[in-house]
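K.L.:
See protein.cif below, with mmCIF, C-alpha atoms (C1' of nucleotides).
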data_final
#
loop_
_atom_site.label_atom_id
_atom_site.label_comp_id
_atom_site.auth_asym_id
_atom_site.auth_seq_id
_atom_site.Cartn_x
_atom_site.Cartn_y
_atom_site.Cartn_z
CA MET P 1 0.00 0.00 0.00
CA LYS P 2 1.30 3.40 -0.91
CA LEU P 3 0.95 6.57 1.09
CA SER P 4 -1.21 8.22 -1.56
CA GLU P 5 -3.55 5.20 -1.48
CA LEU P 6 -3.78 5.36 2.27
CA PHE P 7 -4.84 9.00 2.05
CA ARG P 8 -7.29 8.29 -0.72
CA GLU P 9 -8.86 5.24 0.86
CA LYS P 10 -8.75 6.03 4.54
CA GLY P 11 -8.63 9.81 4.58
CA VAL P 12 -11.53 12.25 4.77
CA GLN P 13 -11.77 15.12 2.34
CA GLU P 14 -12.39 18.54 3.84
CA HIS P 15 -13.02 21.91 2.28
CA TYR P 16 -11.86 25.15 3.80
CA LYS P 17 -12.71 28.69 2.83
CA LYS P 18 -10.11 31.41 2.63
CA GLY P 19 -9.03 32.46 6.10
CA GLN P 20 -10.46 29.43 7.87
CA HIS P 21 -8.44 27.53 10.44
CA ILE P 22 -7.60 23.84 10.16
CA PHE P 23 -6.33 23.82 13.73
CA ARG P 24 -5.13 26.31 16.29
CA GLN P 25 -2.10 26.57 18.50
CA GLY P 26 -2.88 24.73 21.73
CA ASP P 27 -5.31 22.29 20.11
CA GLU P 28 -4.76 18.61 20.10
CA ASN P 29 -4.81 17.52 16.50
CA VAL P 30 -3.43 14.14 15.63
CA ASN P 31 -4.02 14.30 11.89
CA LEU P 32 -1.87 14.64 8.87
CA TYR P 33 -3.30 16.68 6.01
CA PHE P 34 -2.60 16.16 2.39
CA VAL P 35 -3.12 19.39 0.45
CA GLN P 36 -5.02 18.71 -2.77
CA SER P 37 -5.53 22.34 -3.64
CA GLY P 38 -5.29 25.76 -2.06
CA PHE P 39 -2.63 27.53 -0.08
CA LEU P 40 -2.01 27.40 3.65
CA LYS P 41 0.10 29.10 6.24
CA ALA P 42 1.35 27.69 9.52
CA TYR P 43 2.04 30.35 12.09
CA TYR P 44 2.99 30.89 15.71
CA LEU P 45 1.46 33.38 18.08
CA SER P 46 4.25 34.52 20.36
CA ASN P 47 3.69 35.47 23.99
CA ASP P 48 3.11 39.12 23.16
CA GLY P 49 0.45 38.18 20.63
CA LYS P 50 2.53 38.68 17.51
CA GLU P 51 2.17 36.37 14.56
CA GLN P 52 5.21 34.70 13.01
CA VAL P 53 4.89 32.48 9.96
CA LYS P 54 6.46 29.05 10.28
CA SER P 55 5.81 27.99 6.71
CA PHE P 56 3.62 28.27 3.67
CA ILE P 57 2.09 25.05 2.40
CA THR P 58 1.47 24.38 -1.28
CA PRO P 59 -0.61 21.69 -3.00
CA ASN P 60 0.68 18.12 -2.95
CA SER P 61 2.42 18.47 0.36
CA VAL P 62 1.63 16.83 3.66
CA MET P 63 1.19 18.92 6.77
CA GLY P 64 0.50 18.37 10.43
CA SER P 65 1.77 19.11 13.90
CA LEU P 66 4.36 16.48 14.75
CA VAL P 67 4.39 17.52 18.37
CA SER P 68 0.67 16.85 18.60
CA CYS P 69 0.63 13.83 16.28
CA TYR P 70 3.64 12.02 17.49
CA ALA P 71 4.71 13.44 20.83
CA LYS P 72 1.13 13.69 22.10
CA GLY P 73 1.53 17.34 22.97
CA LYS P 74 -0.52 20.33 21.87
CA CYS P 75 -0.07 21.96 18.50
CA SER P 76 2.68 24.53 18.81
CA PHE P 77 1.35 26.49 15.85
CA SER P 78 -1.88 27.27 14.00
CA LEU P 79 -2.72 26.15 10.49
CA ALA P 80 -4.98 28.32 8.35
CA SER P 81 -5.87 28.64 4.70
CA ILE P 82 -4.75 31.70 2.75
CA GLU P 83 -6.71 30.51 -0.23
CA ALA P 84 -9.74 28.19 -0.40
CA ALA P 85 -8.33 24.71 0.09
CA THR P 86 -9.22 21.06 -0.20
CA LEU P 87 -7.40 18.74 2.19
CA ILE P 88 -7.46 15.07 3.00
CA LYS P 89 -7.34 14.34 6.70
CA LEU P 90 -5.73 11.15 8.03
CA PRO P 91 -4.87 10.30 11.63
CA PHE P 92 -1.11 10.06 11.99
CA SER P 93 -1.47 6.98 14.18
CA TYR P 94 -3.05 5.27 11.22
CA LEU P 95 0.02 5.88 9.12
CA LEU P 96 2.34 4.95 11.95
CA LYS P 97 0.49 1.71 12.62
CA HIS P 98 0.53 0.68 8.99
CA SER P 99 4.14 1.69 8.60
CA GLN P 100 5.03 -0.73 11.37
CA GLU P 101 3.88 -3.63 9.26
CA ASN P 102 4.34 -2.34 5.77
CA LEU P 103 7.80 -1.68 4.46
CA LEU P 104 6.83 0.36 1.44
CA LEU P 105 4.81 2.69 3.61
CA ALA P 106 7.56 2.89 6.22
CA ASN P 107 10.01 3.92 3.55
CA GLN P 108 7.67 6.52 2.14
CA LEU P 109 7.20 8.02 5.57
CA GLN P 110 10.97 7.96 5.93
CA SER P 111 11.58 9.92 2.77
CA LEU P 112 8.85 12.35 3.77
CA LEU P 113 10.70 12.92 7.04
CA LEU P 114 14.06 13.16 5.36
CA ASP P 115 12.76 15.81 2.99
CA LEU P 116 11.23 17.67 5.90
CA ALA P 117 14.50 17.53 7.82
CA MET P 118 16.44 18.92 4.89
CA LYS P 119 13.94 21.71 4.38
CA LYS P 120 14.18 22.68 8.03
CA GLU P 121 17.95 22.52 7.84
CA LYS P 122 17.87 24.99 4.98
CA ARG P 123 15.69 27.36 6.95
CA GLU P 124 17.98 27.07 9.96
CA TYR P 125 20.90 27.96 7.72
CA GLU P 126 19.12 30.99 6.38
CA PHE P 127 18.28 32.33 9.82
CA LEU P 128 21.80 31.73 11.07
CA CYS P 129 23.83 32.88 8.12
CA LEU P 130 21.79 35.23 5.95
CA PRO P 131 20.59 38.75 6.73
CA ALA P 132 16.90 39.53 6.13
CA GLU P 133 17.60 41.02 2.72
CA GLN P 134 19.29 37.83 1.52
CA ARG P 135 16.50 35.71 2.94
CA TYR P 136 14.04 37.82 0.98
CA LEU P 137 15.96 37.29 -2.26
CA GLN P 138 16.18 33.55 -1.61
CA LEU P 139 12.46 33.36 -1.05
CA GLN P 140 11.75 35.27 -4.25
CA ASN P 141 13.97 32.80 -6.03
CA ASP P 142 12.65 29.63 -4.41
CA THR P 143 8.92 30.33 -4.41
CA PRO P 144 8.02 33.31 -6.60
CA GLU P 145 4.36 32.19 -6.75
CA LEU P 146 4.15 33.00 -3.06
CA PHE P 147 4.26 36.71 -3.79
CA THR P 148 0.98 36.58 -5.67
CA LYS P 149 -0.84 34.80 -2.85
CA ALA P 150 0.48 35.98 0.48
CA THR P 151 0.36 39.50 1.88
CA GLN P 152 3.51 41.52 2.56
CA ASN P 153 2.70 41.06 6.21
CA ASP P 154 2.74 37.27 6.00
CA ILE P 155 5.90 37.27 3.91
CA ALA P 156 7.63 39.57 6.37
CA HIS P 157 6.60 37.38 9.28
CA TYR P 158 7.94 34.38 7.42
CA LEU P 159 11.27 36.16 7.02
CA GLY P 160 11.30 37.02 10.70
CA ILE P 161 10.79 40.77 10.26
CA THR P 162 7.89 43.24 10.19
CA HIS P 163 6.09 44.41 7.08
CA VAL P 164 7.63 47.82 7.60
CA ALA P 165 11.13 46.36 7.43
CA LEU P 166 10.18 44.35 4.35
CA SER P 167 8.95 47.47 2.64
CA ARG P 168 12.28 49.14 3.40
CA ILE P 169 14.20 46.19 2.01
CA LYS P 170 12.21 46.28 -1.21
CA LYS P 171 12.85 49.99 -1.57
CA ARG P 172 16.55 49.52 -0.90
CA LEU P 173 16.78 46.77 -3.49
CA SER P 174 14.89 48.65 -6.17
CA SER P 175 16.95 51.81 -5.76
CA ASN P 176 20.17 49.78 -5.86
CA SER P 177 19.23 47.90 -9.00
CA SER P 178 18.21 51.07 -10.80
CA ALA P 179 21.54 52.62 -9.85
CA LEU P 180 23.51 49.93 -11.68
CA MET B 1 18.32 -6.10 14.00
CA LYS B 2 18.40 -2.94 16.01
CA LEU B 3 20.08 0.32 15.08
CA SER B 4 22.54 0.09 17.95
CA GLU B 5 23.54 -3.39 16.81
CA LEU B 6 24.04 -2.20 13.28
CA PHE B 7 26.39 0.49 14.52
CA ARG B 8 28.22 -1.93 16.79
CA GLU B 9 28.58 -4.70 14.24
CA LYS B 10 29.03 -2.84 11.01
CA GLY B 11 30.38 0.51 12.13
CA VAL B 12 33.98 1.57 12.49
CA GLN B 13 35.18 3.23 15.66
CA GLU B 14 37.15 6.43 15.26
CA HIS B 15 38.94 8.65 17.75
CA TYR B 16 39.20 12.39 17.38
CA LYS B 17 41.29 14.84 19.35
CA LYS B 18 39.93 18.15 20.56
CA GLY B 19 39.57 20.54 17.66
CA GLN B 20 39.80 17.91 14.95
CA HIS B 21 37.38 17.83 12.05
CA ILE B 22 35.18 14.86 11.22
CA PHE B 23 34.22 16.44 7.90
CA ARG B 24 34.21 19.85 6.35
CA GLN B 25 31.65 21.93 4.53
CA GLY B 26 31.88 21.04 0.85
CA ASP B 27 33.08 17.49 1.46
CA GLU B 28 31.16 14.48 0.36
CA ASN B 29 30.57 12.41 3.45
CA VAL B 30 27.94 9.72 3.32
CA ASN B 31 28.31 8.47 6.88
CA LEU B 32 26.27 8.65 9.98
CA TYR B 33 28.21 9.00 13.23
CA PHE B 34 27.13 7.68 16.56
CA VAL B 35 28.72 9.69 19.36
CA GLN B 36 30.03 7.37 22.08
CA SER B 37 31.82 10.08 24.00
CA GLY B 38 33.02 13.63 23.57
CA PHE B 39 31.38 16.80 22.41
CA LEU B 40 30.99 18.07 18.86
CA LYS B 41 29.85 21.18 17.07
CA ALA B 42 28.36 21.45 13.61
CA TYR B 43 28.91 24.82 12.03
CA TYR B 44 28.48 26.78 8.85
CA LEU B 45 30.98 29.10 7.27
CA SER B 46 28.99 31.85 5.64
CA ASN B 47 30.09 33.59 2.47
CA ASP B 48 31.96 36.29 4.33
CA GLY B 49 33.92 33.67 6.28
CA LYS B 50 32.01 33.95 9.53
CA GLU B 51 31.26 30.89 11.58
CA GLN B 52 27.73 30.10 12.74
CA VAL B 53 26.98 27.10 14.91
CA LYS B 54 24.23 24.83 13.63
CA SER B 55 24.21 22.54 16.66
CA PHE B 56 26.14 21.00 19.49
CA ILE B 57 26.22 17.21 19.59
CA THR B 58 26.33 15.26 22.83
CA PRO B 59 27.10 11.59 23.52
CA ASN B 60 24.53 9.01 22.44
CA SER B 61 23.28 10.99 19.52
CA VAL B 62 23.56 10.29 15.83
CA MET B 63 24.95 12.90 13.48
CA GLY B 64 25.61 13.29 9.80
CA SER B 65 24.94 15.51 6.83
CA LEU B 66 21.60 14.46 5.39
CA VAL B 67 22.21 16.51 2.28
CA SER B 68 25.39 14.57 1.60
CA CYS B 69 24.13 11.19 2.88
CA TYR B 70 20.73 11.19 1.35
CA ALA B 71 20.49 13.84 -1.31
CA LYS B 72 23.98 13.08 -2.65
CA GLY B 73 25.05 16.68 -2.33
CA LYS B 74 28.03 18.17 -0.50
CA CYS B 75 28.03 18.71 3.23
CA SER B 76 26.50 22.09 3.90
CA PHE B 77 28.32 22.35 7.22
CA SER B 78 31.46 21.22 9.02
CA LEU B 79 31.59 18.84 11.94
CA ALA B 80 34.38 19.19 14.50
CA SER B 81 35.09 18.00 18.01
CA ILE B 82 35.11 20.50 20.87
CA GLU B 83 36.29 17.79 23.21
CA ALA B 84 38.17 14.55 22.45
CA ALA B 85 35.57 12.20 21.01
CA THR B 86 34.95 8.60 20.08
CA LEU B 87 32.54 8.04 17.22
CA ILE B 88 31.23 5.06 15.31
CA LYS B 89 31.05 5.60 11.60
CA LEU B 90 28.44 3.88 9.46
CA PRO B 91 27.54 4.57 5.84
CA PHE B 92 24.01 5.92 5.67
CA SER B 93 23.29 3.78 2.62
CA TYR B 94 23.89 0.78 4.80
CA LEU B 95 21.18 1.85 7.19
CA LEU B 96 18.85 2.81 4.36
CA LYS B 97 19.34 -0.52 2.61
CA HIS B 98 18.68 -2.53 5.74
CA SER B 99 15.73 -0.39 6.68
CA GLN B 100 14.15 -1.29 3.34
CA GLU B 101 13.96 -4.90 4.37
CA ASN B 102 13.84 -4.68 8.13
CA LEU B 103 10.81 -3.17 9.79
CA LEU B 104 12.31 -2.71 13.22
CA LEU B 105 15.20 -0.79 11.75
CA ALA B 106 12.90 1.23 9.52
CA ASN B 107 10.88 2.25 12.53
CA GLN B 108 13.94 3.18 14.52
CA LEU B 109 15.17 5.37 11.70
CA GLN B 110 11.71 6.86 11.58
CA SER B 111 11.68 7.83 15.22
CA LEU B 112 15.20 9.22 14.85
CA LEU B 113 13.94 11.42 12.03
CA LEU B 114 10.81 12.40 13.92
CA ASP B 115 12.88 13.49 16.90
CA LEU B 116 15.18 15.42 14.62
CA ALA B 117 12.24 17.13 12.95
CA MET B 118 10.81 18.18 16.28
CA LYS B 119 14.16 19.49 17.47
CA LYS B 120 14.53 21.56 14.33
CA GLU B 121 10.98 22.81 14.70
CA LYS B 122 11.83 24.05 18.18
CA ARG B 123 14.87 25.88 16.89
CA GLU B 124 12.84 27.44 14.11
CA TYR B 125 10.34 28.64 16.67
CA GLU B 126 13.07 30.17 18.79
CA PHE B 127 14.58 32.08 15.89
CA LEU B 128 11.20 33.30 14.74
CA CYS B 129 9.57 34.16 18.02
CA LEU B 130 12.22 34.76 20.67
CA PRO B 131 14.72 37.59 20.96
CA ALA B 132 18.38 36.67 21.54
CA GLU B 133 18.10 37.16 25.27
CA GLN B 134 15.25 34.66 25.53
CA ARG B 135 17.09 32.19 23.34
CA TYR B 136 20.04 32.46 25.69
CA LEU B 137 17.87 31.74 28.73
CA GLN B 138 16.27 28.78 26.97
CA LEU B 139 19.67 27.35 26.14
CA GLN B 140 20.83 27.74 29.71
CA ASN B 141 17.74 25.89 30.76
CA ASP B 142 17.84 23.13 28.15
CA THR B 143 21.55 22.30 28.14
CA PRO B 144 23.38 23.86 31.08
CA GLU B 145 26.31 21.45 30.64
CA LEU B 146 27.06 23.21 27.38
CA PHE B 147 28.33 26.26 29.23
CA THR B 148 31.19 24.32 30.76
CA LYS B 149 32.36 22.95 27.42
CA ALA B 150 31.78 25.50 24.69
CA THR B 151 33.34 28.95 24.45
CA GLN B 152 31.27 32.13 24.62
CA ASN B 153 32.06 32.55 20.99
CA ASP B 154 30.54 29.20 20.00
CA ILE B 155 27.52 29.77 22.20
CA ALA B 156 26.97 33.20 20.71
CA HIS B 157 27.22 31.82 17.21
CA TYR B 158 24.73 29.14 18.12
CA LEU B 159 22.33 31.84 19.26
CA GLY B 160 22.85 33.75 16.04
CA ILE B 161 24.71 36.67 17.59
CA THR B 162 28.34 37.69 18.23
CA HIS B 163 30.27 37.02 21.42
CA VAL B 164 30.21 40.75 22.10
CA ALA B 165 26.42 40.78 22.04
CA LEU B 166 26.32 37.70 24.26
CA SER B 167 28.54 39.41 26.79
CA ARG B 168 26.19 42.38 26.81
CA ILE B 169 23.18 40.13 27.33
CA LYS B 170 24.84 38.44 30.28
CA LYS B 171 25.69 41.77 31.81
CA ARG B 172 22.15 43.02 31.27
CA LEU B 173 20.70 39.91 32.91
CA SER B 174 23.00 39.97 35.91
CA SER B 175 22.34 43.64 36.62
CA ASN B 176 18.58 43.08 36.29
CA SER B 177 18.54 40.11 38.61
CA SER B 178 20.62 41.89 41.23
CA ALA B 179 18.20 44.82 41.06
CA LEU B 180 15.27 42.66 42.09
"C1'" DT I 1 -22.68 55.66 -3.76
"C1'" DC I 2 -20.26 56.02 0.75
"C1'" DA I 3 -18.27 53.99 4.82
"C1'" DC I 4 -15.12 50.62 6.57
"C1'" DT I 5 -11.54 47.37 6.56
"C1'" DT I 6 -7.33 45.54 4.73
"C1'" DT I 7 -3.05 46.33 2.71
"C1'" DG I 8 1.27 48.66 1.57
"C1'" DT I 9 4.44 52.65 1.91
"C1'" DT I 10 6.86 56.03 4.28
"C1'" DA I 11 8.76 58.97 8.07
"C1'" DA I 12 10.54 59.72 12.84
"C1'" DC I 13 12.45 57.95 16.70
"C1'" DC I 14 14.66 54.37 19.47
"C1'" DC I 15 17.30 50.30 20.58
"C1'" DA I 16 19.60 45.79 20.06
"C1'" DG I 17 23.18 44.07 18.01
"C1'" DG I 18 27.31 44.40 14.61
"C1'" DT I 19 32.05 46.19 14.12
"C1'" DT I 20 36.34 47.50 15.68
"C1'" DA I 21 39.53 47.90 18.99
"C1'" DA I 22 41.59 48.06 23.58
"C1'" DT I 23 42.34 45.50 27.75
"C1'" DG I 24 42.92 41.79 30.84
"C1'" DA I 25 42.92 36.91 32.27
"C1'" DA I 26 44.20 32.27 31.50
"C1'" DG I 27 46.79 28.74 29.64
"C1'" DG I 28 50.33 26.44 26.91
"C1'" DA I 29 54.95 25.91 24.73
"C1'" DG I 30 59.58 26.84 24.86
"C1'" DC Y 1 59.90 32.70 33.63
"C1'" DT Y 2 58.55 34.78 29.15
"C1'" DC Y 3 56.21 34.84 24.95
"C1'" DC Y 4 52.16 33.94 22.48
"C1'" DT Y 5 47.66 32.58 21.70
"C1'" DT Y 6 42.95 32.06 23.05
"C1'" DC Y 7 39.13 33.82 25.43
"C1'" DA Y 8 36.04 37.19 27.69
"C1'" DT Y 9 34.74 41.87 28.71
"C1'" DT Y 10 33.96 46.53 27.69
"C1'" DA Y 11 33.62 50.97 25.13
"C1'" DA Y 12 32.56 53.84 20.95
"C1'" DC Y 13 30.34 54.21 16.95
"C1'" DC Y 14 27.10 52.81 13.33
"C1'" DT Y 15 23.21 50.46 11.20
"C1'" DG Y 16 19.22 47.52 10.49
"C1'" DG Y 17 15.08 46.69 12.13
"C1'" DG Y 18 11.14 47.54 15.69
"C1'" DT Y 19 7.48 50.82 16.94
"C1'" DT Y 20 4.18 54.12 16.10
"C1'" DA Y 21 1.65 56.74 13.24
"C1'" DA Y 22 0.13 59.01 9.08
"C1'" DC Y 23 -1.46 58.29 4.54
"C1'" DA Y 24 -2.96 56.28 0.19
"C1'" DA Y 25 -4.86 52.51 -2.51
"C1'" DA Y 26 -7.78 48.82 -3.04
"C1'" DG Y 27 -11.38 45.95 -1.81
"C1'" DT Y 28 -15.88 44.90 0.28
"C1'" DG Y 29 -20.38 45.56 1.85
"C1'" DA Y 30 -24.63 48.05 2.85
#
Show this structure as structure tokens.
P.N.:
Amino acid sequence: MKLSELFREKGVQEHYKKGQHIFRQGDENVNLYFVQSGFLKAYYLSNDGKEQVKSFITPNSVMGSLVSCYAKGKCSFSLASIEAATLIKLPFSYLLKHSQENLLLANQLQSLLLDLAMKKEKREYEFLCLPAEQRYLQLQNDTPELFTKATQNDIAHYLGITHVALSRIKKRLSSNSSAL
Amino acid sequence: MKLSELFREKGVQEHYKKGQHIFRQGDENVNLYFVQSGFLKAYYLSNDGKEQVKSFITPNSVMGSLVSCYAKGKCSFSLASIEAATLIKLPFSYLLKHSQENLLLANQLQSLLLDLAMKKEKREYEFLCLPAEQRYLQLQNDTPELFTKATQNDIAHYLGITHVALSRIKKRLSSNSSAL
DNA sequence: TCACTTTGTTAACCCAGGTTAATGAAGGAG
DNA sequence: CTCCTTCATTAACCTGGGTTAACAAAGTGA
């Protein structure tokens, strides 16, 4: 059995309107979600009530709170749709159980996790080694489609800055490039 | 077969002196390392030659460059010992191959990856949502033993700041606490 | 149509942290 | 012991980004 089959056969399709939440920080949510269509953002609310964007989620990816799914904690972030979305919901335990008796599935979960780990490693690198301006350029390069869907505010919070700082960066970049 | 057995039976023990490198950024290194003893740091050299610490590695953990092991790229960071260390080296492909036919091993690799993913998620959260001072306090809380082994410089670079800024933070904290 | 909300830009002011450099303490190596 | 290197602290100066607020543009709804 393949992962996609498991989602198709055992998962439940759900529709979300723009701006709706799939789950909220503090919830217990033990599901994985496969994104069929739409556009999501995962974000943290910090202690002082400020929003910081953990990641944007595009179609054909799998999303969920590992801490809640796997470590039986509460979701450390919220998941909401930026664009009307269709998801397939599947309890993580279901996948875990099947992966304990099905090698193909176990290996698919493995490569999912390996890809996730490498993505997170990249983000860690960017926060450690690149200034905000460079992170902005990287993002433009890596996922240009994001700029048509997310607000400047969300993009800034993904980069770890405010929308005011992002606006300044854009101005700086445009004046530099025109000066060349 | 368990993961620990695989390391014990198929791995090669290696000894490193303080300050020695296990691999360097740009190398191809397809091994996983199990840390028997010692203390390591993984660090990036950014374009302008500055060092940033990706992570500290304590005994009983497994370390390696996923990008090099799994994605067949070059190591994106260097791995060096801070304290004399004994490691067991095992090609990642070996683990991957066996995990494709051995469920127990596949599930152990899985939980290794899940733990890694959660650790990285925590770090991402800290960079996004916490100021340097808070990150410092967290680190003190999470791994106090680190402060006896790593230099202020390494700790600062792990926090994403310079050792000068770290010194200022410490001063700020000590004067605040004495004022209470 | 007009009112209201959301979004993006810009300015003014402030502060945390970067940079550079001086100083001192600690620890080898000879 | 002396020299030299590594490590930590501190000061002076500068800059990028946070904060607040004003303003304009673009939706959105009644």
K.L.:
Please compute the atom CA of Glu51 of chain P-atom CA of Leu130 of chain B distance, one decimal, in Å.
P.N.:
11.9 Å
K.L.:
I need the output of the PyMOL selection byres ((chain P) within 12 of (chain Y)) for this file as a ChimeraX atom specification; which residues are they?
P.N.:
/P:131-133,156,160-169,172
K.L.:
Residues of chain I within 12 Å of chain P, using all atoms listed in the file, as a list in words?
P.N.:
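The selection requested is DT6, DT7, DG8, DT9, DT10, DA11 and DG18 of chain I.
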K.L.:
Evaluate the PyMOL selection byres ((chain P) within 10 of (chain B)) and record the selected residues as a PyMOL selection string, following the chain and residue labels used in the document.
P.N.:
chain P and resi 43-48+50-54+65-67+70-71+76-77+96+99-104+106-107+109-130+157-161
K.L.:
Report, in Å to a single decimal, how far apart atom CA of Tyr94 of chain B and atom CA of Val62 of chain B are.
P.N.:
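Atom-to-atom, atom CA of Val62 of chain B and atom CA of Tyr94 of chain B are spaced 14.6 Å apart.
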K.L.:
In Å to one decimal, how far is atom CA of Leu90 of chain P from atom CA of Leu40 of chain P?
P.N.:
17.2 Å
K.L.:
Contacts of His21 of chain B at 8 Å or less, counting all atoms listed in the file, minus same-chain residues fewer than 2 places along, as a short mmCIF file (atom, residue, chain, number, x, y, z; two decimals) with C-alpha atoms, keeping the file's coordinate frame?
P.N.:
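Okay, selection_25.cif is ready:
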data_model
loop_
_atom_site.label_atom_id
_atom_site.label_comp_id
_atom_site.auth_asym_id
_atom_site.auth_seq_id
_atom_site.Cartn_x
_atom_site.Cartn_y
_atom_site.Cartn_z
CA TYR B 16 39.20 12.39 17.38
CA GLY B 19 39.57 20.54 17.66
CA PHE B 23 34.22 16.44 7.90
CA ARG B 24 34.21 19.85 6.35
CA SER B 78 31.46 21.22 9.02
CA LEU B 79 31.59 18.84 11.94
CA ALA B 80 34.38 19.19 14.50
CA SER B 81 35.09 18.00 18.01
#
K.L.:
If you take every atom of segment 130-134 of chain B that the file lists and fit an axis-aligned box around them with 4 Å extra on each side, what centre and edge lengths come out in Å to one decimal, as AutoDock Vina command-line options?
P.N.:
--center_x 15.3 --center_y 36.1 --center_z 23.1 --size_x 14.2 --size_y 10.9 --size_z 12.9
K.L.:
Kindly resolve the PyMOL selection byres ((chain B and resi 82) around 12) on the present coordinates and return the residues as a PDB file with C-alpha atoms, in the frame of the given file.
P.N.:
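Contents of expr_7.pdb, freshly written:
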ATOM      1  CA  TYR B  16      39.200  12.390  17.380  1.00  0.00           C
ATOM      2  CA  LYS B  17      41.290  14.840  19.350  1.00  0.00           C
ATOM      3  CA  LYS B  18      39.930  18.150  20.560  1.00  0.00           C
ATOM      4  CA  GLY B  19      39.570  20.540  17.660  1.00  0.00           C
ATOM      5  CA  GLN B  20      39.800  17.910  14.950  1.00  0.00           C
ATOM      6  CA  HIS B  21      37.380  17.830  12.050  1.00  0.00           C
ATOM      7  CA  ILE B  22      35.180  14.860  11.220  1.00  0.00           C
ATOM      8  CA  SER B  37      31.820  10.080  24.000  1.00  0.00           C
ATOM      9  CA  GLY B  38      33.020  13.630  23.570  1.00  0.00           C
ATOM     10  CA  PHE B  39      31.380  16.800  22.410  1.00  0.00           C
ATOM     11  CA  LEU B  40      30.990  18.070  18.860  1.00  0.00           C
ATOM     12  CA  LYS B  41      29.850  21.180  17.070  1.00  0.00           C
ATOM     13  CA  ALA B  42      28.360  21.450  13.610  1.00  0.00           C
ATOM     14  CA  TYR B  43      28.910  24.820  12.030  1.00  0.00           C
ATOM     15  CA  SER B  55      24.210  22.540  16.660  1.00  0.00           C
ATOM     16  CA  PHE B  56      26.140  21.000  19.490  1.00  0.00           C
ATOM     17  CA  ILE B  57      26.220  17.210  19.590  1.00  0.00           C
ATOM     18  CA  THR B  58      26.330  15.260  22.830  1.00  0.00           C
ATOM     19  CA  LEU B  79      31.590  18.840  11.940  1.00  0.00           C
ATOM     20  CA  ALA B  80      34.380  19.190  14.500  1.00  0.00           C
ATOM     21  CA  SER B  81      35.090  18.000  18.010  1.00  0.00           C
ATOM     22  CA  GLU B  83      36.290  17.790  23.210  1.00  0.00           C
ATOM     23  CA  ALA B  84      38.170  14.550  22.450  1.00  0.00           C
ATOM     24  CA  ALA B  85      35.570  12.200  21.010  1.00  0.00           C
ATOM     25  CA  THR B  86      34.950   8.600  20.080  1.00  0.00           C
ATOM     26  CA  LEU B 146      27.060  23.210  27.380  1.00  0.00           C
ATOM     27  CA  THR B 148      31.190  24.320  30.760  1.00  0.00           C
ATOM     28  CA  LYS B 149      32.360  22.950  27.420  1.00  0.00           C
ATOM     29  CA  ALA B 150      31.780  25.500  24.690  1.00  0.00           C
ATOM     30  CA  THR B 151      33.340  28.950  24.450  1.00  0.00           C
ATOM     31  CA  ASP B 154      30.540  29.200  20.000  1.00  0.00           C
TER      32      ASP B 154
END
K.L.:
Would you kindly return, as a count of residues only, each protein, DNA or RNA residue with an atom no farther than 8 Å from any atom of Leu105 of chain B, considering only C-alpha atoms (C1' of nucleotides) and excluding same-chain residues fewer than 4 positions away?
P.N.:
7
